[in-house]
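Text of the file target-v9.txt, holding compact mmCIF, C-alpha atoms:
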# COMPACT_ATOMS: atom_id res chain seq x y z
CA MET Y 16 -6.27 5.68 13.68
CA ILE Y 17 -8.34 3.65 11.26
CA ILE Y 18 -6.14 1.11 9.49
CA ALA Y 19 -6.95 0.09 5.94
CA GLU Y 20 -5.33 -1.89 3.14
CA ARG Y 21 -5.74 -1.42 -0.57
CA LYS Y 22 -7.94 -4.02 -2.22
CA PRO Y 23 -6.37 -6.24 -4.90
CA VAL Y 24 -6.08 -4.16 -8.07
CA ALA Y 25 -7.96 -6.77 -10.12
CA GLU Y 26 -10.99 -6.32 -7.83
CA ILE Y 27 -10.97 -2.54 -8.34
CA ILE Y 28 -10.57 -2.97 -12.09
CA GLU Y 29 -13.59 -5.26 -12.15
CA MET Y 30 -15.67 -2.70 -10.20
CA THR Y 31 -14.76 0.03 -12.65
CA SER Y 32 -14.97 -2.02 -15.84
CA GLY Y 33 -17.81 0.08 -17.28
CA CYS Y 34 -16.19 3.44 -16.55
CA ALA Y 35 -14.18 5.54 -18.99
CA LYS Y 36 -13.28 8.30 -16.55
CA ILE Y 37 -12.43 7.55 -12.95
CA LEU Y 38 -11.83 9.97 -10.09
CA VAL Y 39 -9.31 8.34 -7.75
CA LEU Y 40 -9.96 10.14 -4.50
CA GLY Y 41 -7.59 9.97 -1.54
CA CYS Y 42 -8.01 11.12 2.03
CA ARG Y 43 -5.41 12.96 4.12
CA GLY Y 44 -6.74 11.43 7.34
CA CYS Y 45 -6.00 8.02 8.83
CA VAL Y 46 -5.52 6.20 5.51
CA SER Y 47 -2.81 8.66 4.56
CA VAL Y 48 -0.93 7.97 7.79
CA CYS Y 49 -1.20 4.20 7.34
CA SER Y 50 -0.11 4.52 3.68
CA ALA Y 51 -3.28 3.02 2.26
CA GLY Y 52 -5.07 5.96 0.68
CA GLY Y 53 -3.08 9.19 0.73
CA GLU Y 54 -1.73 11.22 -2.17
CA ARG Y 55 1.08 8.79 -2.98
CA GLU Y 56 -1.28 5.81 -3.01
CA VAL Y 57 -3.70 7.73 -5.25
CA GLU Y 58 -0.89 8.21 -7.77
CA ILE Y 59 -0.02 4.50 -7.68
CA LEU Y 60 -3.62 3.27 -7.94
CA ALA Y 61 -4.41 5.66 -10.79
CA SER Y 62 -1.43 4.29 -12.70
CA LEU Y 63 -2.42 0.68 -11.98
CA LEU Y 64 -5.99 1.35 -13.13
CA ARG Y 65 -4.79 2.87 -16.40
CA LEU Y 66 -2.44 -0.07 -16.96
CA GLY Y 67 -4.94 -2.72 -15.90
CA HIS Y 68 -7.76 -1.40 -18.06
CA ARG Y 69 -5.38 -0.94 -20.98
CA LYS Y 70 -4.39 -4.60 -20.63
CA GLU Y 71 -8.08 -5.50 -20.94
CA GLY Y 72 -8.30 -3.41 -24.09
CA ARG Y 73 -10.09 -0.46 -22.52
CA SER Y 74 -8.95 3.13 -22.49
CA VAL Y 75 -9.51 4.78 -19.13
CA GLU Y 76 -8.79 8.32 -18.02
CA THR Y 77 -8.10 9.05 -14.40
CA VAL Y 78 -8.53 12.24 -12.44
CA GLN Y 79 -6.65 12.37 -9.15
CA GLY Y 80 -7.56 14.23 -6.01
CA THR Y 81 -7.13 14.04 -2.26
CA LEU Y 82 -9.46 15.61 0.30
CA VAL Y 83 -8.48 16.76 3.78
CA ARG Y 84 -10.97 14.18 5.06
CA GLN Y 85 -13.82 12.22 3.54
CA CYS Y 86 -15.74 12.00 6.80
CA ASP Y 87 -16.96 15.61 6.99
CA ARG Y 88 -19.60 17.28 4.87
CA GLU Y 89 -17.57 20.41 4.10
CA TYR Y 90 -14.73 18.42 2.57
CA ILE Y 91 -17.06 16.22 0.54
CA ASP Y 92 -18.52 19.45 -0.88
CA GLU Y 93 -15.08 20.13 -2.38
CA MET Y 94 -15.78 17.30 -4.83
CA ASP Y 95 -17.82 19.84 -6.81
CA GLN Y 96 -14.54 20.92 -8.45
CA TRP Y 97 -14.41 17.61 -10.36
CA ASP Y 98 -18.06 17.61 -11.48
CA GLY Y 99 -18.41 16.40 -15.05
CA THR Y 100 -14.89 14.95 -15.22
CA TYR Y 101 -15.64 11.39 -14.11
CA ASP Y 102 -18.10 8.51 -14.41
CA ALA Y 103 -17.29 7.01 -11.01
CA VAL Y 104 -15.29 7.71 -7.88
CA VAL Y 105 -12.84 5.19 -6.48
CA SER Y 106 -12.48 6.29 -2.88
CA MET Y 107 -9.26 5.43 -1.09
CA ALA Y 108 -10.72 6.55 2.25
CA CYS Y 109 -11.98 4.13 4.86
CA GLY Y 110 -15.55 2.88 4.65
CA VAL Y 111 -16.72 6.05 6.39
CA GLY Y 112 -15.57 8.12 3.43
CA VAL Y 113 -17.31 5.89 0.90
CA ASN Y 114 -20.52 6.09 2.94
CA PHE Y 115 -20.26 9.87 3.21
CA ILE Y 116 -19.91 10.25 -0.54
CA ALA Y 117 -22.90 7.93 -1.04
CA ASN Y 118 -24.93 9.81 1.60
CA LEU Y 119 -24.20 13.28 0.28
CA ARG Y 120 -23.97 12.78 -3.47
CA PRO Y 121 -27.00 10.77 -4.66
CA GLY Y 122 -25.94 10.93 -8.31
CA THR Y 123 -22.36 9.81 -7.76
CA LEU Y 124 -21.25 6.24 -8.35
CA VAL Y 125 -18.66 5.42 -5.69
CA PHE Y 126 -16.51 2.32 -5.20
CA PRO Y 127 -14.20 1.37 -2.31
CA ALA Y 128 -10.49 0.98 -3.06
CA VAL Y 129 -9.49 -0.21 0.40
CA ASN Y 130 -10.59 -2.73 2.96
CA THR Y 131 -11.14 -0.95 6.26
CA SER Y 132 -9.52 -3.21 8.80
CA PHE Y 133 -9.34 -1.97 12.39
CA PHE Y 134 -8.39 0.77 14.85
CA GLY Y 135 -4.69 0.50 15.50
CA GLY Y 136 -1.28 2.00 15.86
CA SER Y 137 2.14 1.50 14.33
CA PRO Y 138 4.62 -0.24 16.65
CA GLU Y 139 7.30 0.00 13.93
CA GLN Y 140 7.59 1.36 10.41
CA GLY Y 141 5.37 -0.56 8.01
CA VAL Y 142 3.56 -2.49 10.74
CA TRP Y 143 0.13 -1.70 12.19
CA ALA Y 144 -1.51 -3.52 15.07
CA GLU Y 145 -5.07 -3.52 16.37
CA GLN Y 146 -5.44 -1.77 19.72
CA CYS Y 147 -9.09 -0.78 20.04
CA ALA Y 148 -12.37 -2.35 18.98
CA GLY Y 149 -14.53 0.77 19.32
CA CYS Y 150 -16.80 -1.19 21.66
CA GLY Y 151 -18.43 1.91 23.08
CA ASN Y 152 -17.82 1.14 26.76
CA CYS Y 153 -14.16 1.54 27.62
CA ILE Y 154 -12.81 -0.59 30.47
CA LEU Y 155 -9.13 0.31 30.10
CA HIS Y 156 -9.04 1.77 33.62
CA HIS Y 157 -9.55 -1.77 34.92
CA THR Y 158 -6.94 -3.39 32.69
CA GLY Y 159 -3.86 -1.21 32.99
CA GLY Y 160 -4.64 0.56 29.71
CA LEU Y 161 -4.47 -2.63 27.62
CA CYS Y 162 -7.64 -3.67 25.81
CA PRO Y 163 -8.86 -7.26 26.08
CA VAL Y 164 -11.84 -6.56 23.81
CA ALA Y 165 -9.55 -5.82 20.86
CA ARG Y 166 -6.45 -7.76 21.81
CA CYS Y 167 -7.74 -10.99 23.35
CA ALA Y 168 -8.80 -13.50 20.68
CA LYS Y 169 -11.90 -14.27 22.76
CA SER Y 170 -12.49 -10.70 23.98
CA LEU Y 171 -12.55 -12.14 27.47
CA MET Y 172 -13.46 -9.82 30.33
CA ASN Y 173 -11.94 -12.15 32.92
CA GLY Y 174 -8.70 -13.64 31.68
CA PRO Y 175 -6.40 -15.24 30.95
CA CYS Y 176 -8.02 -18.42 29.66
CA GLY Y 177 -6.46 -21.88 29.62
CA GLY Y 178 -5.06 -21.23 26.16
CA SER Y 179 -2.50 -18.79 27.53
CA GLN Y 180 0.88 -20.54 27.62
CA GLY Y 181 4.20 -18.85 28.31
CA GLY Y 182 2.66 -15.44 27.67
CA ARG Y 183 1.44 -16.44 24.21
CA CYS Y 184 -2.09 -16.98 22.93
CA GLU Y 185 -3.12 -20.42 21.75
CA ILE Y 186 -4.29 -19.06 18.38
CA HIS Y 187 -0.72 -18.36 17.23
CA PRO Y 188 2.74 -18.21 18.78
CA ASP Y 189 3.17 -14.67 17.39
CA VAL Y 190 0.18 -13.42 19.35
CA ALA Y 191 0.86 -12.23 22.88
CA CYS Y 192 -1.69 -13.09 25.57
CA ILE Y 193 -3.00 -9.65 26.43
CA TRP Y 194 -4.30 -10.93 29.77
CA GLN Y 195 -0.78 -12.03 30.71
CA GLN Y 196 0.39 -8.53 29.77
CA ILE Y 197 -2.44 -6.94 31.76
CA HIS Y 198 -1.43 -9.02 34.77
CA ASP Y 199 2.27 -8.18 34.40
CA ARG Y 200 1.58 -4.49 33.90
CA LEU Y 201 -0.77 -4.18 36.86
CA GLU Y 202 1.80 -5.98 39.00
CA SER Y 203 4.57 -3.62 37.92
CA LEU Y 204 2.30 -0.67 38.71
CA GLY Y 205 1.59 -2.09 42.17
CA ARG Y 206 -2.08 -2.64 41.30
CA LYS Y 207 -2.13 -6.43 40.97
CA GLU Y 208 -5.22 -6.73 43.19
CA GLN Y 209 -7.28 -5.16 40.36
CA ILE Y 210 -7.11 -8.37 38.37
CA ILE Y 211 -8.91 -10.24 41.14
CA ASN Y 212 -12.07 -8.20 40.53
CA ILE Y 213 -14.61 -10.19 38.54
CA ALA Y 214 -16.00 -8.27 35.60
CA PRO Y 215 -19.79 -8.67 35.34
CA ILE Y 216 -21.56 -9.93 32.23
CA ARG Y 217 -21.07 -7.23 29.66
CA ASP Y 218 -23.76 -5.23 27.91
CA TRP Y 219 -22.67 -5.28 24.27
CA ARG Y 220 -25.28 -2.85 23.01
CA PRO Y 221 -22.82 0.08 22.96
CA ALA Y 222 -20.58 -2.08 20.71
CA GLY Y 223 -23.12 -1.85 17.90
CA HIS Y 224 -25.28 -4.78 18.85
CA GLY Y 225 -28.15 -2.35 19.32
CA GLY Y 226 -27.94 -1.08 15.74
CA PRO Y 227 -25.92 1.76 14.15
CA ARG Y 228 -24.44 4.07 16.74
CA LYS Y 229 -24.63 7.83 16.90
CA VAL Y 230 -23.15 10.48 19.19
CA VAL Y 231 -25.05 13.74 19.54
CA ARG Y 232 -23.39 16.63 21.35
CA ASP Y 233 -26.14 19.09 22.09
CA ASP Y 234 -23.61 21.77 23.05
CA LEU Y 235 -22.14 21.62 19.54
CA THR Y 236 -25.32 21.54 17.47
CA VAL Y 237 -26.79 24.85 16.31
CA MET V 12 8.29 -11.39 -39.22
CA SER V 13 10.93 -9.21 -37.51
CA GLU V 14 12.36 -10.28 -34.20
CA PHE V 15 10.80 -8.68 -31.13
CA VAL V 16 13.11 -6.11 -29.53
CA PRO V 17 11.98 -5.23 -26.03
CA ASP V 18 11.90 -1.66 -24.80
CA ILE V 19 13.80 -1.83 -21.51
CA ARG V 20 14.22 0.99 -18.98
CA ALA V 21 17.05 0.76 -16.45
CA PHE V 22 17.12 3.02 -13.43
CA CYS V 23 20.68 3.12 -12.12
CA CYS V 24 22.29 4.50 -9.04
CA HIS V 25 24.75 7.25 -9.96
CA TYR V 26 27.53 5.67 -7.90
CA THR V 27 27.00 2.12 -9.12
CA SER V 28 26.98 3.09 -12.79
CA GLN V 29 29.51 5.95 -12.70
CA GLN V 30 32.62 4.13 -13.87
CA THR V 31 30.83 1.69 -16.15
CA CYS V 32 29.22 4.62 -17.93
CA ALA V 33 32.43 6.69 -18.05
CA ASP V 34 32.90 6.09 -21.78
CA GLY V 35 29.31 7.00 -22.56
CA ARG V 36 26.72 5.02 -24.45
CA GLU V 37 29.15 4.10 -27.20
CA GLY V 38 31.63 2.65 -24.74
CA LEU V 39 28.90 0.63 -23.08
CA GLU V 40 27.65 -0.87 -26.31
CA LYS V 41 31.22 -1.80 -27.30
CA VAL V 42 31.30 -4.16 -24.32
CA GLY V 43 27.95 -5.70 -25.17
CA PHE V 44 25.39 -3.47 -23.45
CA PRO V 45 22.11 -3.91 -25.40
CA ALA V 46 21.14 -0.90 -27.48
CA ASN V 47 17.47 -1.32 -26.52
CA VAL V 48 18.10 -0.60 -22.83
CA THR V 49 17.49 3.04 -21.91
CA LEU V 50 19.65 4.14 -19.01
CA LEU V 51 18.09 6.52 -16.49
CA ARG V 52 20.61 7.49 -13.85
CA VAL V 53 19.33 8.73 -10.50
CA PRO V 54 21.28 10.19 -7.55
CA CYS V 55 20.09 7.28 -5.40
CA THR V 56 17.73 4.41 -6.20
CA GLY V 57 16.06 5.12 -2.86
CA LYS V 58 14.56 8.15 -4.61
CA LEU V 59 12.58 5.93 -6.98
CA GLN V 60 8.91 5.64 -6.17
CA VAL V 61 6.56 2.80 -7.11
CA SER V 62 4.78 5.29 -9.36
CA THR V 63 8.06 6.08 -11.19
CA LEU V 64 8.47 2.42 -12.12
CA LEU V 65 4.80 2.09 -13.11
CA GLN V 66 5.10 5.22 -15.26
CA ALA V 67 7.86 3.50 -17.24
CA PHE V 68 5.38 0.73 -18.10
CA GLU V 69 2.76 3.36 -18.99
CA ASP V 70 5.34 4.97 -21.28
CA GLY V 71 5.72 1.73 -23.20
CA ALA V 72 8.41 -0.29 -21.46
CA ASP V 73 8.33 -4.07 -21.83
CA GLY V 74 10.53 -4.38 -18.80
CA VAL V 75 12.04 -2.22 -16.09
CA TYR V 76 14.97 -2.83 -13.80
CA VAL V 77 16.84 -1.02 -11.09
CA VAL V 78 20.56 -1.23 -10.36
CA GLY V 79 21.57 -0.08 -6.92
CA CYS V 80 24.34 -0.55 -4.38
CA PRO V 81 24.77 -3.78 -2.42
CA PRO V 82 22.13 -3.79 0.35
CA ASP V 83 24.60 -3.07 3.15
CA GLU V 84 26.88 -0.71 1.23
CA CYS V 85 24.52 1.97 -0.04
CA HIS V 86 26.09 5.41 -0.24
CA ASN V 87 22.87 6.71 1.30
CA VAL V 88 22.63 3.92 3.89
CA LYS V 89 19.24 2.40 3.03
CA GLY V 90 18.58 3.71 -0.49
CA SER V 91 19.05 0.49 -2.42
CA ARG V 92 17.10 -1.48 0.18
CA ARG V 93 14.20 0.93 -0.20
CA ALA V 94 14.44 0.53 -3.98
CA ALA V 95 14.35 -3.26 -3.65
CA LYS V 96 11.18 -3.00 -1.54
CA ARG V 97 9.54 -0.77 -4.14
CA VAL V 98 10.52 -3.14 -6.93
CA GLY V 99 8.90 -5.86 -4.80
CA ALA V 100 5.71 -3.77 -4.58
CA VAL V 101 5.64 -3.41 -8.38
CA LYS V 102 6.20 -7.17 -8.79
CA LYS V 103 3.21 -7.79 -6.52
CA ALA V 104 1.07 -5.32 -8.48
CA LEU V 105 2.07 -6.94 -11.78
CA GLY V 106 1.11 -10.31 -10.33
CA GLU V 107 -2.30 -8.93 -9.33
CA LEU V 108 -2.77 -7.83 -12.94
CA SER V 109 -1.71 -11.27 -14.24
CA VAL V 110 1.43 -9.84 -15.83
CA GLU V 111 4.80 -11.61 -15.45
CA GLU V 112 6.50 -10.37 -12.27
CA GLY V 113 9.87 -10.87 -13.96
CA ARG V 114 9.22 -7.80 -16.08
CA VAL V 115 10.61 -5.78 -13.20
CA GLU V 116 13.81 -6.63 -11.35
CA MET V 117 16.28 -5.31 -8.79
CA PHE V 118 20.03 -5.80 -9.07
CA HIS V 119 22.49 -4.96 -6.31
CA LEU V 120 25.95 -4.31 -7.77
CA GLU V 121 29.29 -3.13 -6.44
CA ARG V 122 30.59 0.26 -7.45
CA GLY V 123 33.34 0.61 -10.02
CA TYR V 124 33.73 -0.82 -13.48
CA HIS V 125 32.46 -4.36 -13.63
CA PRO V 126 31.00 -6.67 -16.23
CA GLU V 127 27.98 -7.48 -14.04
CA PHE V 128 26.44 -4.14 -14.98
CA VAL V 129 26.40 -5.24 -18.60
CA ALA V 130 25.42 -8.78 -17.62
CA ALA V 131 22.31 -7.47 -15.79
CA ALA V 132 21.19 -5.62 -18.92
CA ARG V 133 21.81 -8.67 -21.09
CA GLU V 134 19.92 -10.88 -18.66
CA MET V 135 16.89 -8.59 -18.78
CA ASP V 136 17.13 -8.35 -22.56
CA LYS V 137 17.20 -12.14 -22.89
CA ARG V 138 14.37 -12.58 -20.39
CA LEU V 139 12.10 -10.02 -22.04
CA ARG V 140 12.75 -11.30 -25.57
CA THR V 141 11.46 -14.66 -24.29
CA MET V 142 8.43 -13.10 -22.59
CA GLY V 143 7.46 -11.01 -25.60
CA PRO V 144 5.69 -7.64 -25.65
CA CYS V 145 4.28 -6.38 -22.36
CA PRO V 146 0.52 -7.04 -22.09
CA PHE V 147 0.04 -3.38 -21.09
CA LYS V 148 0.80 -2.50 -24.69
CA GLY V 149 -2.51 -4.06 -25.78
CA GLU V 150 -4.55 -1.90 -28.10
CA ALA V 151 -7.12 0.10 -26.13
CA GLU V 152 -10.57 0.52 -27.66
As structure tokens, the full file:
Amino acid sequence: MIIAERKPVAEIIEMTSGCAKILVLGCRGCVSVCSAGGEREVEILASLLRLGHRKEGRSVETVQGTLVRQCDREYIDEMDQWDGTYDAVVSMACGVGVNFIANLRPGTLVFPAVNTSFFGGSPEQGVWAEQCAGCGNCILHHTGGLCPVARCAKSLMNGPCGGSQGGRCEIHPDVACIWQQIHDRLESLGRKEQIINIAPIRDWRPAGHGGPRKVVRDDLTV
Amino acid sequence: MSEFVPDIRAFCCHYTSQQTCADGREGLEKVGFPANVTLLRVPCTGKLQVSTLLQAFEDGADGVYVVGCPPDECHNVKGSRRAAKRVGAVKKALGELSVEEGRVEMFHLERGYHPEFVAAAREMDKRLRTMGPCPFKGEAE
């Protein structure tokens, strides 16, 4: 899922300093699962905005809502129900949601409430770790299912590097060397010879280096 | 000028406060419990949400505190530890808003009658009298 973290409240208060009525809009997608922008977080942020603005001597009203997703047109259309009740939207969705609101609602002022961080999973409650970089050309079949693009500090295609010591990465003792893990995993799967293969120089265009990416499924378009 | 009397809201675990509160409000005040502390008893402090504590500030509290079981002796296993984490989240949010983090506090107390329950209230009362009115009470335009 997409992992996000709420921005510092003071930053959101500054963004909304000229607004008297704010729609705090959550998303029931990824940001709800990673506890950054679901219904509960909407309730907390709305309260913090009211308190923060009040502290600055401003009276602010908040309207609270949460959409199924903010990354699909049909759900963004549901924002019509709040028309006329707000001056600006504070979106608690990832950056995709903020962009979708901006794309589809030309007259709506929208601000981001979260920093969209990475694609990750939750190894334990309250912890999220990056697992995928969305690089557009998956090589996990070569690496035992572990991603060096996202999980190697240098995104090396042929690792480990000389900074791998005792299974840890040189950037920090808390960071595992993913290439050590790839090696160990392939060995345990009886596929150790795979690591000998030299990966060729990578074409990074599918990773976004060729401009904004788009997927078109002709079989789904009507 | 009259002395500032803080409005304090205390969220207390039912089990932790049961015996101390047995003689009611009058009994509590006889042993020195400040009259300006509003007691809000909950079945378990683990039930308290961050938004519940923030709402107390919105409702005019100068300070808010939670009294729950000792961390490893919660009647509901992890309730008081969850409460402590949520109090921590409110402290962080207050800090982000440049408001004293000490306006919210967590106390872990044993069950049964004990003077610490009163002492926690008196500590918060003393602390908040020193801090003065909560900045959230500022006059909105």
Nearest to Y:Val142: which of Y:Ile18, Y:Ala25, Y:Val237, Y:Ala168 is it, counting only C-alpha atoms?
Y:Ile18
Counting all atoms listed in the file, which residues of chain Y sit at most 12 Å from some atom of chain V, and what is each one's closest atom pair with its distance in Å to one decimal, listed by chain and rising residue number, as CSV?
residue,atom,partner,partner_atom,distance
Y:Arg21,CA,V:Ala104,CA,11.1
Y:Lys22,CA,V:Glu107,CA,10.3
Y:Pro23,CA,V:Glu107,CA,6.6
Y:Val24,CA,V:Glu107,CA,6.2
Y:Ala25,CA,V:Leu108,CA,6.0
Y:Glu26,CA,V:Glu107,CA,9.2
Y:Ile27,CA,V:Leu108,CA,10.8
Y:Ile28,CA,V:Leu108,CA,9.2
Y:Glu29,CA,V:Leu108,CA,11.1
Y:Ala35,CA,V:Glu152,CA,10.6
Y:Glu54,CA,V:Ser62,CA,11.4
Y:Arg55,CA,V:Ser62,CA,8.2
Y:Glu56,CA,V:Ser62,CA,8.8
Y:Val57,CA,V:Ser62,CA,9.7
Y:Glu58,CA,V:Ser62,CA,6.6
Y:Ile59,CA,V:Ser62,CA,5.1
Y:Leu60,CA,V:Ser62,CA,8.8
Y:Ala61,CA,V:Ser62,CA,9.3
Y:Ser62,CA,V:Leu65,CA,6.6
Y:Leu63,CA,V:Leu65,CA,7.4
Y:Leu64,CA,V:Leu108,CA,9.7
Y:Arg65,CA,V:Glu69,CA,8.0
Y:Leu66,CA,V:Phe147,CA,5.8
Y:Gly67,CA,V:Leu108,CA,6.3
Y:His68,CA,V:Ala151,CA,8.2
Y:Arg69,CA,V:Ala151,CA,5.5
Y:Lys70,CA,V:Phe147,CA,4.6
Y:Glu71,CA,V:Gly149,CA,7.5
Y:Gly72,CA,V:Ala151,CA,4.2
Y:Arg73,CA,V:Ala151,CA,4.7
Y:Ser74,CA,V:Ala151,CA,5.1
Y:Val75,CA,V:Ala151,CA,8.8
Y:Glu76,CA,V:Ala151,CA,11.7
Y:Gly141,CA,V:Lys96,CA,11.4
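The residue that comes closest to V:Val16, out of V:Gly123, V:Pro45, V:Gly90, V:Gly38 and on the basis of only C-alpha atoms, is V:Pro45.
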Just to confirm, what's the straight-line distance from atom CA of V:Pro17 to atom CA of V:Pro81 in Å (one decimal)?
26.9 Å
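Compared by their closest atoms to V:Leu39, and using only C-alpha atoms, the residues V:Gly57, V:Gly99, V:Pro126, V:Gly143 rank with V:Pro126 nearest.
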Got a sec: who's within 8 Å of stretch 193-200 of chain Y, counting all atoms listed in the file, leaving out chain neighbours fewer than 3 positions off, as JSON, numbers by chain?
{"Y": [158, 159, 161, 162, 163, 166, 167, 174, 175, 179, 182, 203, 204, 207, 210]}
Would you pick out the contacts of stretch 42-45 of chain Y at 12 Å or less, using only C-alpha atoms, so that residues sharing its chain but fewer than 6 positions from it are not included, and give the list as a PyMOL selection string?
chain Y and resi 16-20+51-57+79-87+90-91+105-113+128-129+131-137+143
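Residues near the point (17.5, 8.0, -12.1), at a distance of 9 Å or less over all atoms listed in the file, make up Ala21, Phe22, Cys23, Cys24, His25, Leu50, Leu51, Arg52, Val53, Pro54, Cys55, Thr56, Lys58 and Leu59 of chain V.
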Take atom CA of Y:Val104 and atom CA of Y:Ile37 and report the distance between them in Å, one decimal.
5.8 Å
For V:Phe44, which of V:Asp136, V:Asp83, V:Asp73, V:Glu116 is the closest residue, counting all atoms listed in the file?
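Nearest candidate to V:Phe44 out of V:Asp136, V:Asp83, V:Asp73, V:Glu116: V:Asp136.
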Using only C-alpha atoms, which of the listed residues (Y:Cys184, Y:Cys153, Y:Ala165, Y:Val230) sits closest to Y:Arg217?
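Smallest distance to Y:Arg217 is found for Y:Cys153.
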One number please: atom CA of Y:Cys176 to atom CA of Y:Glu202, in Å, one decimal.
18.4 Å
Identify the residues around (-20.9, 6.9, -17.6) within a radius of 9 Å, measuring from only C-alpha atoms in the coordinates stated by the file, and give them as a ChimeraX atom specification.
/Y:33-36,101-103
Please complete stretch 133-153 of chain Y so it has N, CA and C atoms, and hand it over as an mmCIF file, keeping the file's coordinate frame.
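Below you can see result-v4.cif, which holds the result:
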data_model
loop_
_atom_site.group_PDB
_atom_site.id
_atom_site.type_symbol
_atom_site.label_atom_id
_atom_site.label_comp_id
_atom_site.auth_asym_id
_atom_site.auth_seq_id
_atom_site.Cartn_x
_atom_site.Cartn_y
_atom_site.Cartn_z
ATOM 1 N N PHE Y 133 -9.183 -2.067 10.923
ATOM 2 C CA PHE Y 133 -9.340 -1.970 12.390
ATOM 3 C C PHE Y 133 -8.823 -0.621 12.891
ATOM 4 N N PHE Y 134 -8.986 -0.402 14.208
ATOM 5 C CA PHE Y 134 -8.390 0.770 14.850
ATOM 6 C C PHE Y 134 -7.050 0.314 15.419
ATOM 7 N N GLY Y 135 -5.990 0.976 15.021
ATOM 8 C CA GLY Y 135 -4.690 0.500 15.500
ATOM 9 C C GLY Y 135 -3.634 1.576 15.525
ATOM 10 N N GLY Y 136 -2.439 1.122 15.825
ATOM 11 C CA GLY Y 136 -1.280 2.000 15.860
ATOM 12 C C GLY Y 136 -0.114 1.301 15.183
ATOM 13 N N SER Y 137 0.990 2.041 15.034
ATOM 14 C CA SER Y 137 2.140 1.500 14.330
ATOM 15 C C SER Y 137 3.302 1.269 15.299
ATOM 16 N N PRO Y 138 3.515 0.020 15.726
ATOM 17 C CA PRO Y 138 4.620 -0.240 16.650
ATOM 18 C C PRO Y 138 5.993 -0.081 15.991
ATOM 19 N N GLU Y 139 6.062 -0.235 14.674
ATOM 20 C CA GLU Y 139 7.300 0.000 13.930
ATOM 21 C C GLU Y 139 6.929 0.339 12.489
ATOM 22 N N GLN Y 140 7.894 0.909 11.767
ATOM 23 C CA GLN Y 140 7.590 1.360 10.410
ATOM 24 C C GLN Y 140 7.072 0.204 9.554
ATOM 25 N N GLY Y 141 5.938 0.449 8.918
ATOM 26 C CA GLY Y 141 5.370 -0.560 8.010
ATOM 27 C C GLY Y 141 4.548 -1.626 8.690
ATOM 28 N N VAL Y 142 4.347 -1.489 9.998
ATOM 29 C CA VAL Y 142 3.560 -2.490 10.740
ATOM 30 C C VAL Y 142 2.453 -1.757 11.503
ATOM 31 N N TRP Y 143 1.244 -2.285 11.450
ATOM 32 C CA TRP Y 143 0.130 -1.700 12.190
ATOM 33 C C TRP Y 143 -0.558 -2.809 12.997
ATOM 34 N N ALA Y 144 -0.919 -2.497 14.213
ATOM 35 C CA ALA Y 144 -1.510 -3.520 15.070
ATOM 36 C C ALA Y 144 -2.785 -3.007 15.711
ATOM 37 N N GLU Y 145 -3.768 -3.898 15.796
ATOM 38 C CA GLU Y 145 -5.070 -3.520 16.370
ATOM 39 C C GLU Y 145 -4.919 -3.252 17.867
ATOM 40 N N GLN Y 146 -5.531 -2.155 18.311
ATOM 41 C CA GLN Y 146 -5.440 -1.770 19.720
ATOM 42 C C GLN Y 146 -6.806 -1.521 20.349
ATOM 43 N N CYS Y 147 -7.785 -1.195 19.517
ATOM 44 C CA CYS Y 147 -9.090 -0.780 20.040
ATOM 45 C C CYS Y 147 -10.172 -1.354 19.147
ATOM 46 N N ALA Y 148 -11.287 -1.759 19.768
ATOM 47 C CA ALA Y 148 -12.370 -2.350 18.980
ATOM 48 C C ALA Y 148 -13.550 -1.376 18.828
ATOM 49 N N GLY Y 149 -13.428 -0.191 19.412
ATOM 50 C CA GLY Y 149 -14.530 0.770 19.320
ATOM 51 C C GLY Y 149 -15.802 0.208 19.938
ATOM 52 N N CYS Y 150 -15.660 -0.447 21.090
ATOM 53 C CA CYS Y 150 -16.800 -1.190 21.660
ATOM 54 C C CYS Y 150 -17.794 -0.301 22.395
ATOM 55 N N GLY Y 151 -17.446 0.966 22.537
ATOM 56 C CA GLY Y 151 -18.430 1.910 23.080
ATOM 57 C C GLY Y 151 -18.534 1.946 24.593
ATOM 58 N N ASN Y 152 -17.762 1.127 25.299
ATOM 59 C CA ASN Y 152 -17.820 1.140 26.760
ATOM 60 C C ASN Y 152 -16.429 0.767 27.289
ATOM 61 N N CYS Y 153 -15.586 1.770 27.354
ATOM 62 C CA CYS Y 153 -14.160 1.540 27.620
ATOM 63 C C CYS Y 153 -13.901 1.053 29.051
#
